[in-house]
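upload_32.txt, holding compact mmCIF, C-alpha atoms and all ligand atoms:
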# COMPACT_ATOMS: atom_id res chain seq x y z
CA MET K 1 -53.81 -38.92 11.64
CA ALA K 2 -53.39 -35.53 13.31
CA SER K 3 -49.63 -35.95 13.43
CA ALA K 4 -49.61 -37.03 9.78
CA CYS K 5 -51.47 -33.81 8.89
CA ARG K 6 -49.02 -31.78 10.91
CA LEU K 7 -46.11 -33.48 9.19
CA LEU K 8 -47.64 -32.73 5.78
CA LEU K 9 -48.25 -29.10 6.76
CA LEU K 10 -44.67 -28.70 7.99
CA THR K 11 -43.36 -30.30 4.80
CA VAL K 12 -45.39 -27.91 2.64
CA LEU K 13 -44.29 -24.91 4.71
CA GLY K 14 -40.70 -26.07 4.51
CA MET K 15 -40.92 -26.04 0.72
CA LEU K 16 -42.69 -22.70 0.52
CA VAL K 17 -40.74 -20.59 2.96
CA PRO K 18 -37.40 -20.48 1.09
CA ALA K 19 -39.19 -19.59 -2.16
CA LEU K 20 -41.18 -16.81 -0.51
CA TRP K 21 -38.14 -15.54 1.32
CA ALA K 22 -36.28 -14.72 -1.89
CA GLN K 23 -39.26 -13.42 -3.83
CA ALA K 24 -38.82 -9.83 -4.97
CA PRO K 25 -41.38 -7.16 -4.08
CA THR K 26 -43.73 -5.93 -6.78
CA PRO K 27 -42.05 -3.41 -9.10
CA ALA K 28 -43.42 0.12 -9.02
CA HIS K 29 -42.84 0.47 -12.78
CA VAL K 30 -42.51 -2.11 -15.54
CA TYR K 31 -41.27 -1.24 -19.02
CA ASP K 32 -41.39 -4.21 -21.39
CA PHE K 33 -40.69 -2.23 -24.60
CA ASN K 34 -43.11 -4.48 -26.49
CA ASN K 35 -44.18 -1.99 -29.19
CA SER K 36 -44.68 0.53 -26.37
CA LEU K 37 -42.77 2.87 -24.10
CA ALA K 38 -45.58 2.79 -21.52
CA ASP K 39 -45.30 1.67 -17.91
CA ALA K 40 -47.41 -1.48 -17.48
CA ASN K 41 -48.27 -0.16 -14.01
CA GLY K 42 -49.62 3.12 -15.34
CA GLY K 43 -46.78 5.41 -14.25
CA PRO K 44 -44.67 7.75 -16.39
CA SER K 45 -43.74 6.47 -19.86
CA MET K 46 -40.22 6.11 -21.13
CA VAL K 47 -39.13 8.84 -23.54
CA SER K 48 -37.39 7.78 -26.74
CA ASN K 49 -34.15 9.47 -27.71
CA GLY K 50 -34.22 8.20 -31.28
CA GLY K 51 -34.26 4.43 -30.97
CA THR K 52 -36.70 1.98 -32.58
CA LEU K 53 -39.47 0.05 -30.84
CA GLY K 54 -40.05 -3.54 -31.89
CA ALA K 55 -42.29 -6.39 -30.80
CA THR K 56 -40.09 -7.28 -27.82
CA GLU K 57 -37.46 -4.59 -27.37
CA TYR K 58 -36.22 -1.05 -27.95
CA THR K 59 -33.18 -0.93 -30.20
CA PHE K 60 -30.94 2.09 -29.86
CA GLY K 61 -27.94 3.61 -31.58
CA ALA K 62 -25.12 5.09 -29.51
CA GLY K 63 -26.65 7.80 -27.28
CA GLN K 64 -30.26 6.91 -28.13
CA GLY K 65 -31.10 5.06 -24.90
CA PRO K 66 -34.44 6.00 -23.27
CA THR K 67 -35.14 8.43 -20.42
CA VAL K 68 -37.82 8.39 -17.73
CA ASN K 69 -38.76 11.29 -15.47
CA ASN K 70 -40.07 11.27 -11.90
CA ALA K 71 -40.30 7.49 -11.61
CA LEU K 72 -38.78 7.22 -8.11
CA ALA K 73 -40.98 7.60 -5.03
CA ASN K 74 -37.86 8.34 -2.97
CA PRO K 75 -35.00 9.71 -5.09
CA ALA K 76 -32.46 8.32 -2.60
CA GLU K 77 -33.72 4.71 -2.38
CA TYR K 78 -34.39 2.39 -5.27
CA THR K 79 -33.70 -0.76 -7.22
CA VAL K 80 -33.37 -0.43 -11.01
CA GLU K 81 -33.34 -3.66 -13.00
CA MET K 82 -32.26 -3.49 -16.67
CA ARG K 83 -32.14 -6.35 -19.17
CA PHE K 84 -30.13 -5.21 -22.19
CA LYS K 85 -27.16 -5.78 -24.45
CA PHE K 86 -24.41 -3.52 -25.81
CA THR K 87 -22.65 -3.93 -29.15
CA ASN K 88 -19.51 -2.16 -27.95
CA LEU K 89 -17.78 -2.75 -24.62
CA SER K 90 -14.43 -1.14 -25.34
CA GLY K 91 -13.61 1.75 -23.01
CA TYR K 92 -16.26 3.34 -20.79
CA ARG K 93 -19.91 2.77 -21.78
CA ASN K 94 -22.57 4.61 -19.77
CA ILE K 95 -25.37 2.42 -18.42
CA LEU K 96 -27.39 4.53 -15.98
CA ASN K 97 -27.24 8.01 -14.57
CA PHE K 98 -29.50 10.02 -12.33
CA THR K 99 -28.36 13.47 -13.37
CA ASN K 100 -30.93 15.39 -15.39
CA ALA K 101 -28.57 15.67 -18.34
CA PRO K 102 -26.38 12.60 -19.01
CA GLY K 103 -22.95 12.89 -17.41
CA ASP K 104 -20.14 10.95 -15.80
CA THR K 105 -21.83 10.60 -12.41
CA ALA K 106 -23.02 7.26 -13.67
CA LEU K 107 -22.88 3.51 -13.63
CA PHE K 108 -20.52 2.53 -16.43
CA VAL K 109 -19.21 -0.69 -17.85
CA THR K 110 -15.55 -0.51 -18.78
CA GLY K 111 -13.90 -3.41 -20.55
CA GLY K 112 -16.85 -5.55 -19.42
CA GLN K 113 -16.41 -4.59 -15.75
CA MET K 114 -18.99 -2.69 -13.71
CA ASP K 115 -17.79 0.73 -12.55
CA ILE K 116 -19.74 3.09 -10.28
CA TYR K 117 -17.61 5.86 -11.65
CA ALA K 118 -18.38 8.74 -9.28
CA LEU K 119 -17.79 6.49 -6.25
CA GLY K 120 -14.44 5.26 -7.56
CA VAL K 121 -15.31 1.58 -7.27
CA SER K 122 -15.15 -1.03 -9.99
CA SER K 123 -15.68 -4.76 -10.33
CA SER K 124 -12.72 -7.14 -10.33
CA THR K 125 -14.41 -9.53 -12.76
CA VAL K 126 -15.48 -9.29 -16.40
CA ASP K 127 -19.24 -9.09 -16.01
CA MET K 128 -20.59 -8.31 -19.49
CA VAL K 129 -19.91 -9.76 -22.93
CA THR K 130 -20.45 -7.87 -26.19
CA GLY K 131 -23.75 -8.71 -27.85
CA GLN K 132 -25.00 -10.81 -24.95
CA VAL K 133 -28.12 -9.93 -22.94
CA HIS K 134 -27.37 -9.29 -19.26
CA ARG K 135 -29.53 -8.39 -16.31
CA VAL K 136 -27.89 -5.46 -14.50
CA VAL K 137 -29.40 -4.34 -11.20
CA MET K 138 -28.45 -1.23 -9.25
CA THR K 139 -29.66 -0.53 -5.72
CA ARG K 140 -29.26 2.45 -3.41
CA ASN K 141 -30.15 2.37 0.27
CA ALA K 142 -31.20 5.78 1.65
CA ALA K 143 -30.24 4.94 5.23
CA THR K 144 -26.82 3.37 4.65
CA LYS K 145 -26.04 5.27 1.41
CA VAL K 146 -24.65 2.03 -0.01
CA CYS K 147 -24.97 1.48 -3.76
CA LYS K 148 -24.68 -2.06 -5.10
CA VAL K 149 -24.55 -3.38 -8.64
CA TYR K 150 -25.37 -6.94 -9.66
CA VAL K 151 -24.94 -8.67 -13.01
CA ASP K 152 -26.88 -11.83 -13.82
CA GLY K 153 -27.82 -12.31 -10.17
CA LEU K 154 -24.43 -11.84 -8.52
CA GLN K 155 -23.18 -8.75 -6.74
CA ARG K 156 -20.20 -7.31 -8.59
CA VAL K 157 -19.41 -3.99 -6.94
CA SER K 158 -20.59 -1.78 -4.10
CA GLY K 159 -19.72 1.70 -2.92
CA LEU K 160 -20.62 4.26 -0.29
CA ASP K 161 -22.44 7.28 -1.72
CA VAL K 162 -21.76 9.71 1.13
CA ASP K 163 -22.32 12.76 -1.06
CA GLY K 164 -25.62 11.61 -2.54
CA LEU K 165 -24.25 11.54 -6.10
CA TYR K 166 -26.64 8.74 -6.99
CA VAL K 167 -29.70 10.46 -5.55
CA SER K 168 -31.98 11.41 -8.42
CA GLY K 169 -31.84 15.10 -9.38
CA THR K 170 -34.62 17.64 -9.01
CA ALA K 171 -36.18 16.88 -12.39
CA GLY K 172 -36.13 13.20 -11.45
CA ALA K 173 -34.59 12.10 -14.74
CA MET K 174 -33.05 8.67 -15.15
CA ASN K 175 -31.06 8.33 -18.36
CA PHE K 176 -30.31 4.88 -19.69
CA PHE K 177 -27.33 4.04 -21.90
CA ARG K 178 -26.56 7.71 -22.65
CA ASP K 179 -23.43 9.76 -22.02
CA ASN K 180 -22.38 13.42 -22.36
CA SER K 181 -19.22 12.76 -24.34
CA GLY K 182 -19.71 9.79 -26.62
CA GLU K 183 -19.09 7.12 -23.96
CA HIS K 184 -22.11 5.09 -24.94
CA SER K 185 -22.87 1.98 -26.96
CA ALA K 186 -25.59 0.96 -29.38
CA GLY K 187 -27.68 -1.97 -28.21
CA SER K 188 -31.15 -3.05 -27.22
CA VAL K 189 -33.20 -3.25 -24.05
CA ASP K 190 -36.12 -5.62 -23.57
CA GLN K 191 -37.13 -4.78 -20.01
CA ILE K 192 -36.56 -2.19 -17.27
CA ARG K 193 -38.22 -2.55 -13.87
CA ILE K 194 -38.03 -0.02 -11.05
CA TYR K 195 -38.71 -0.81 -7.39
CA ASN K 196 -39.29 1.63 -4.54
CA GLU K 197 -37.18 -0.47 -2.18
CA VAL K 198 -33.78 -2.10 -2.04
CA LEU K 199 -33.90 -5.72 -3.17
CA THR K 200 -31.79 -8.07 -1.05
CA PRO K 201 -28.95 -10.06 -2.66
CA ALA K 202 -31.14 -13.16 -2.45
CA GLN K 203 -34.03 -11.37 -4.15
CA VAL K 204 -31.78 -10.11 -6.94
CA GLY K 205 -30.38 -13.61 -7.46
CA ALA K 206 -33.91 -14.99 -7.63
CA LEU K 207 -34.62 -12.72 -10.63
CA ASP K 208 -32.14 -14.92 -12.50
CA GLY K 209 -33.38 -18.11 -10.89
CA LEU K 210 -30.39 -18.35 -8.58
CA VAL K 211 -30.84 -20.04 -5.20
CA PHE K 212 -27.96 -19.51 -2.80
CA GLN K 213 -26.86 -22.12 -0.30
CA PRO K 214 -25.94 -20.75 3.15
CA PRO K 215 -22.20 -20.36 3.70
CA THR K 216 -20.10 -21.99 6.39
CA ALA K 217 -16.90 -20.63 7.94
CA SER K 218 -14.65 -23.39 9.21
CA SER K 219 -11.31 -21.73 9.91
CA PHE K 220 -9.29 -18.56 9.48
CA SER K 221 -5.70 -17.43 9.62
CA PRO K 222 -4.05 -15.62 11.35
CA THR K 223 -6.12 -15.99 14.51
CA SER K 224 -5.05 -12.68 16.03
CA SER K 225 -3.72 -9.25 15.20
CA GLY K 226 -3.12 -5.87 16.73
CA THR K 227 -6.11 -3.65 17.42
CA SER K 228 -5.32 -1.52 14.37
CA GLY K 229 -6.02 -4.53 12.14
CA GLY K 230 -4.34 -4.73 8.76
CA PRO K 231 -3.15 -8.30 8.23
CA THR K 232 -4.67 -10.20 5.32
CA LEU K 233 -7.17 -12.61 6.84
CA THR K 234 -7.70 -15.87 4.95
CA ILE K 235 -11.00 -17.63 5.68
CA GLU K 236 -11.86 -21.20 4.69
CA GLY K 237 -15.43 -22.44 4.43
CA THR K 238 -18.08 -23.30 1.84
CA ASN K 239 -20.53 -21.59 -0.52
CA PHE K 240 -18.55 -18.35 -0.82
CA ILE K 241 -19.74 -16.28 -3.80
CA THR K 242 -18.87 -12.92 -5.28
CA GLY K 243 -20.33 -10.19 -3.10
CA THR K 244 -19.50 -12.03 0.13
CA SER K 245 -18.93 -9.73 3.11
CA VAL K 246 -17.02 -10.34 6.33
CA THR K 247 -17.22 -8.77 9.77
CA VAL K 248 -14.80 -9.25 12.66
CA GLY K 249 -16.20 -8.16 15.98
CA GLY K 250 -19.04 -6.51 14.07
CA VAL K 251 -16.68 -4.33 12.03
CA GLU K 252 -16.84 -4.73 8.26
CA ALA K 253 -13.66 -6.03 6.64
CA THR K 254 -12.48 -4.36 3.43
CA ASP K 255 -10.88 -5.78 0.29
CA VAL K 256 -12.88 -9.01 0.38
CA ASN K 257 -11.54 -11.19 -2.41
CA VAL K 258 -13.37 -14.46 -3.07
CA LEU K 259 -10.67 -16.78 -4.44
CA SER K 260 -12.98 -19.79 -4.72
CA GLY K 261 -16.15 -21.19 -3.23
CA THR K 262 -14.13 -22.29 -0.21
CA THR K 263 -11.46 -19.61 0.28
CA LEU K 264 -11.55 -15.84 0.60
CA THR K 265 -9.18 -13.16 1.79
CA CYS K 266 -9.89 -9.77 3.33
CA THR K 267 -8.15 -7.07 5.32
CA THR K 268 -8.54 -7.48 9.07
CA PRO K 269 -10.52 -4.45 10.34
CA VAL K 270 -9.72 -2.46 13.45
CA GLY K 271 -10.92 -3.93 16.74
CA SER K 272 -10.88 -3.70 20.50
CA PRO K 273 -8.59 -5.83 22.69
CA GLY K 274 -10.17 -9.21 23.32
CA THR K 275 -12.01 -11.83 21.32
CA ALA K 276 -14.18 -11.10 18.29
CA SER K 277 -16.56 -13.20 16.18
CA VAL K 278 -15.73 -13.79 12.51
CA VAL K 279 -18.94 -13.69 10.44
CA VAL K 280 -19.23 -14.41 6.71
CA THR K 281 -22.37 -13.21 4.90
CA THR K 282 -23.52 -14.08 1.38
CA ALA K 283 -26.83 -13.90 -0.45
CA GLY K 284 -27.47 -17.34 1.09
CA GLY K 285 -27.14 -16.21 4.70
CA SER K 286 -24.53 -15.74 7.41
CA ALA K 287 -22.12 -18.08 9.19
CA THR K 288 -20.10 -17.46 12.34
CA ALA K 289 -16.80 -19.29 12.70
CA ALA K 290 -16.69 -21.61 15.71
CA SER K 291 -13.51 -20.08 17.10
CA SER K 292 -12.92 -16.39 17.80
CA PHE K 293 -10.42 -13.91 16.49
CA THR K 294 -8.29 -12.18 19.15
CA TYR K 295 -7.30 -8.54 19.10
CA ILE K 296 -4.18 -7.77 21.05
CA VAL K 297 -2.57 -4.45 21.55
CA GLY K 298 -0.69 -3.47 18.42
CA PRO K 299 2.89 -2.27 18.04
CA GLY K 300 3.31 1.29 19.18
CA ASP K 301 -0.07 1.27 20.89
CA PRO K 302 0.82 0.53 24.54
CA ASP K 303 -1.87 2.84 25.89
CA ALA K 304 -4.50 0.31 24.95
CA LEU K 305 -2.97 -2.25 27.29
CA ASP K 306 -4.85 -3.34 30.34
CA LEU K 307 -2.59 -6.03 31.62
CA GLY K 308 -2.51 -5.48 35.33
CA ILE K 309 0.77 -3.65 34.89
CA VAL K 310 2.54 -2.85 38.17
CA GLY K 311 5.62 -0.71 38.69
CA GLY K 312 5.71 1.35 35.48
CA ASP K 313 4.34 1.86 31.99
CA VAL K 314 4.61 -0.32 28.92
CA GLN K 315 6.70 1.66 26.45
CA ALA K 316 6.92 -0.61 23.41
CA THR K 317 5.14 -3.62 21.97
CA ALA K 318 5.80 -5.90 19.03
CA VAL K 319 3.55 -8.57 17.55
CA GLN K 320 5.26 -11.78 16.45
CA PRO K 321 4.08 -13.58 13.28
CA ASP K 322 2.39 -16.19 15.48
CA GLY K 323 0.30 -13.51 17.19
CA LYS K 324 2.24 -13.45 20.45
CA VAL K 325 3.14 -9.97 21.69
CA ILE K 326 6.37 -8.86 23.28
CA ILE K 327 5.99 -5.91 25.64
CA ALA K 328 8.76 -3.83 27.17
CA GLY K 329 8.78 -1.05 29.73
CA GLU K 330 9.36 -0.15 33.34
CA PHE K 331 6.96 -2.64 34.88
CA THR K 332 7.76 -5.26 37.49
CA GLU K 333 4.54 -7.29 37.31
CA VAL K 334 2.20 -8.34 34.49
CA LEU K 335 -1.18 -9.99 35.07
CA GLY K 336 -0.29 -10.80 38.66
CA VAL K 337 3.02 -12.47 37.80
CA ALA K 338 6.45 -11.01 38.48
CA ARG K 339 7.89 -9.84 35.16
CA SER K 340 10.39 -6.98 34.96
CA TYR K 341 11.04 -4.84 31.88
CA ILE K 342 10.06 -7.43 29.30
CA ALA K 343 7.37 -10.09 28.95
CA ARG K 344 5.50 -11.97 26.27
CA LEU K 345 1.76 -12.41 25.89
CA ASN K 346 0.07 -15.28 24.11
CA ALA K 347 -2.24 -14.48 21.18
CA ASP K 348 -5.26 -14.79 23.49
CA GLY K 349 -3.91 -12.09 25.79
CA THR K 350 -2.71 -14.38 28.60
CA LEU K 351 0.86 -14.25 29.87
CA ASP K 352 3.30 -16.58 28.13
CA MET K 353 4.78 -18.42 31.10
CA GLY K 354 7.31 -20.14 28.87
CA ILE K 355 9.83 -17.36 28.65
CA ARG K 356 11.73 -15.17 31.02
CA SER K 357 14.40 -13.15 29.30
CA GLU K 358 18.08 -12.98 30.09
CA CYS K 359 17.59 -9.27 30.50
CA GLU K 360 14.94 -9.78 33.11
CA GLN K 361 17.03 -12.27 35.09
CA ARG K 362 19.93 -9.89 35.03
CA CYS K 363 17.83 -6.89 35.99
CA LEU K 364 16.29 -8.76 38.86
CA CA P 401 -18.79 11.08 -20.47
CA CA P 402 -39.66 -6.88 -23.81
Output the file's structure as structure tokens, nothing else.
Ligand SMILES: [Ca+2]
Ligand SMILES: [Ca+2]
Amino acid sequence: MASACRLLLLTVLGMLVPALWAQAPTPAHVYDFNNSLADANGGPSMVSNGGTLGATEYTFGAGQGPTVNNALANPAEYTVEMRFKFTNLSGYRNILNFTNAPGDTALFVTGGQMDIYALGVSSSTVDMVTGQVHRVVMTRNAATKVCKVYVDGLQRVSGLDVDGLYVSGTAGAMNFFRDNSGEHSAGSVDQIRIYNEVLTPAQVGALDGLVFQPPTASSFSPTSSGTSGGPTLTIEGTNFITGTSVTVGGVEATDVNVLSGTTLTCTTPVGSPGTASVVVTTAGGSATAASSFTYIVGPGDPDALDLGIVGGDVQATAVQPDGKVIIAGEFTEVLGVARSYIARLNADGTLDMGIRSECEQRCL
């Protein structure tokens, strides 16, 4: 009986924990625009810029989106969730800016694609459709200075705000759907919620009822590169989604391009000689590939070698397409084995015993 109770308890916990895990924190401010510009939580009200309140939403002409002042507890850290539609998505259309007067330091949509304009980053997918309601979420993390934008639960673009361009200004104004030079659309908004913390990708997805399965990483290619990185790394696995990130040896890879749920490419980051874990992270969790990536000394970077070189320096290196490295120099011994002037290393950094060059035989 006791074990049956325990089993029941574990079963219930097992069902509850994933749901709780993705649940968003309580918003600091809730604007429903249901015949009112008030904050349901009693904070500052939205200010109309000429639009019309209805039973469920605020309808605005171009440039008439609402403004709120001093709504952020920390002007550098927030989540802003907006459910709205635009009637015009041609060219740049301003969605959200934190400057006291509307300007181009703003989140835009251009041709349907999210664009954090001042950070120079834009989405590679068409995220919004004219006349269709979308949930757009923007987050900024005060510690990492990373801004992320999600549409309908999926991360579309992120950028590093080193200069604090998306920190709210001194008057604390947040302008919605308004621009300084006509780059705005008419539309309607039926809800804006503001949080004092950064929602996780899983929490943002949960706003749209999305539940993310954890990814797996089964294989990758190539399996090695020089320490300066650079080759396009192709990773195979499962449950890849837009917004997936990759680290190799703990260093974030750039240019992550999710080709499908099972294949992605990225640019191999810089690394240190030796093996490095390949980790894929999505809103559903992280997965570490079973095998390791190997960093070997890159071409033109012989100083990084630590190969038990005896007799003289390595003066040149070249990485073969298969990851093996040819080294040349004035040495007579490599990794405890007699090798003069030229040798080849396997991709894992061990000596390739399979070759001894004509040159070396002759020199000896
Ligand atoms: Ca403008
Ligand atoms: Ca509403």
Nearest to K:Ala62 by atom-to-atom distance, counting all atoms listed in the file, from K:Leu89, K:Ala186, K:Leu165, K:Val278: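 Result for the nearest residue to K:Ala62: K:Ala186.
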Non-local contacts of stretch 233-237 of chain K (6 Å; all atoms listed in the file; under 6 positions in same chain excluded) as a list of chain:residue names: K:Thr216, K:Ala217, K:Ser218, K:Ser219, K:Phe220, K:Ser221, K:Thr262, K:Thr263, K:Leu264, K:Thr265, K:Cys266, K:Thr267, K:Thr268
For the residues in that selection, give me C-alpha atoms as a short mmCIF file (atom, residue, chain, number, x, y, z; two decimals), keeping the file's coordinate frame.
data_model
loop_
_atom_site.label_atom_id
_atom_site.label_comp_id
_atom_site.auth_asym_id
_atom_site.auth_seq_id
_atom_site.Cartn_x
_atom_site.Cartn_y
_atom_site.Cartn_z
CA THR K 216 -20.10 -21.99 6.39
CA ALA K 217 -16.90 -20.63 7.94
CA SER K 218 -14.65 -23.39 9.21
CA SER K 219 -11.31 -21.73 9.91
CA PHE K 220 -9.29 -18.56 9.48
CA SER K 221 -5.70 -17.43 9.62
CA THR K 262 -14.13 -22.29 -0.21
CA THR K 263 -11.46 -19.61 0.28
CA LEU K 264 -11.55 -15.84 0.60
CA THR K 265 -9.18 -13.16 1.79
CA CYS K 266 -9.89 -9.77 3.33
CA THR K 267 -8.15 -7.07 5.32
CA THR K 268 -8.54 -7.48 9.07
#
Near-ligand residues for ligand CA 401 (chain P), threshold 12 Å, only C-alpha atoms and all ligand atoms, as a PyMOL selection string: chain K and resi 63+91-97+101-108+117-118+177-185
Residue nearest K:Gly261 - candidates K:Leu335, K:Ile241, K:Ala40, K:Ala287, atoms counted: all atoms listed in the file: K:Ile241
Contacts with ligand CA 402 (chain P) at most 6 Å, all atoms listed in the file counted, listed as a VMD selection string: chain K and resid 32 to 34 56 to 57 190 to 191
Can you pull out the residues contacting stretch 122-126 of chain K? Cut-off 8 Å, using only C-alpha atoms, and skip same-chain residues under 3 positions away; I want them as a PDB file with C-alpha atoms, keeping the file's coordinate frame.
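Heads up, here's the output in around.pdb:
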ATOM      1  CA  GLY K 111     -13.900  -3.410 -20.550  1.00  0.00           C
ATOM      2  CA  GLY K 112     -16.850  -5.550 -19.420  1.00  0.00           C
ATOM      3  CA  GLN K 113     -16.410  -4.590 -15.750  1.00  0.00           C
ATOM      4  CA  MET K 114     -18.990  -2.690 -13.710  1.00  0.00           C
ATOM      5  CA  ASP K 115     -17.790   0.730 -12.550  1.00  0.00           C
ATOM      6  CA  ILE K 116     -19.740   3.090 -10.280  1.00  0.00           C
ATOM      7  CA  TYR K 117     -17.610   5.860 -11.650  1.00  0.00           C
ATOM      8  CA  VAL K 129     -19.910  -9.760 -22.930  1.00  0.00           C
ATOM      9  CA  ARG K 156     -20.200  -7.310  -8.590  1.00  0.00           C
ATOM     10  CA  VAL K 157     -19.410  -3.990  -6.940  1.00  0.00           C
TER      11      VAL K 157
END
Interatomic distance (Å, one decimal) between atom CA of K:Ser224 and atom CA of K:Gly274: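 Atom-to-atom, atom CA of K:Ser224 to atom CA of K:Gly274, that is 9.6 Å.
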Proximity to K:Ala283 - best of K:Thr238, K:Thr332, K:Gln213, K:Ser228, all atoms listed in the file: K:Gln213
Nearest candidate to K:Gln23 (options K:Gly284, K:Gly229, K:Gly50, K:Gly209; using all atoms listed in the file): K:Gly209
Separation of atom CA of K:Ser48 from atom CA of K:Thr87, in Å and rounded to one decimal: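 Spanning atom CA of K:Ser48 to atom CA of K:Thr87 is a straight-line distance of 19.0 Å.
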Ref. answer, residues at most 7 Å from (-34.9, -3.4, -5.7) with all atoms listed in the file, as a list in words: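 The requested residues, written out, are Tyr78, Thr79, Val80, Thr139, Tyr195, Asn196, Glu197, Val198 and Leu199 of chain K.
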Write out as an mmCIF file with C-alpha atoms, in the coordinates of the input which residues come within 12 Å of K:Gly43 when counting only C-alpha atoms, dropping same-chain ones fewer than 2 positions away.
data_model
loop_
_atom_site.group_PDB
_atom_site.id
_atom_site.type_symbol
_atom_site.label_atom_id
_atom_site.label_comp_id
_atom_site.auth_asym_id
_atom_site.auth_seq_id
_atom_site.Cartn_x
_atom_site.Cartn_y
_atom_site.Cartn_z
ATOM 1 C CA PRO K 27 -42.050 -3.410 -9.100
ATOM 2 C CA ALA K 28 -43.420 0.120 -9.020
ATOM 3 C CA HIS K 29 -42.840 0.470 -12.780
ATOM 4 C CA VAL K 30 -42.510 -2.110 -15.540
ATOM 5 C CA TYR K 31 -41.270 -1.240 -19.020
ATOM 6 C CA LEU K 37 -42.770 2.870 -24.100
ATOM 7 C CA ALA K 38 -45.580 2.790 -21.520
ATOM 8 C CA ASP K 39 -45.300 1.670 -17.910
ATOM 9 C CA ALA K 40 -47.410 -1.480 -17.480
ATOM 10 C CA ASN K 41 -48.270 -0.160 -14.010
ATOM 11 C CA SER K 45 -43.740 6.470 -19.860
ATOM 12 C CA MET K 46 -40.220 6.110 -21.130
ATOM 13 C CA VAL K 68 -37.820 8.390 -17.730
ATOM 14 C CA ASN K 69 -38.760 11.290 -15.470
ATOM 15 C CA ASN K 70 -40.070 11.270 -11.900
ATOM 16 C CA ALA K 71 -40.300 7.490 -11.610
ATOM 17 C CA LEU K 72 -38.780 7.220 -8.110
ATOM 18 C CA ALA K 73 -40.980 7.600 -5.030
ATOM 19 C CA ARG K 193 -38.220 -2.550 -13.870
ATOM 20 C CA ILE K 194 -38.030 -0.020 -11.050
#
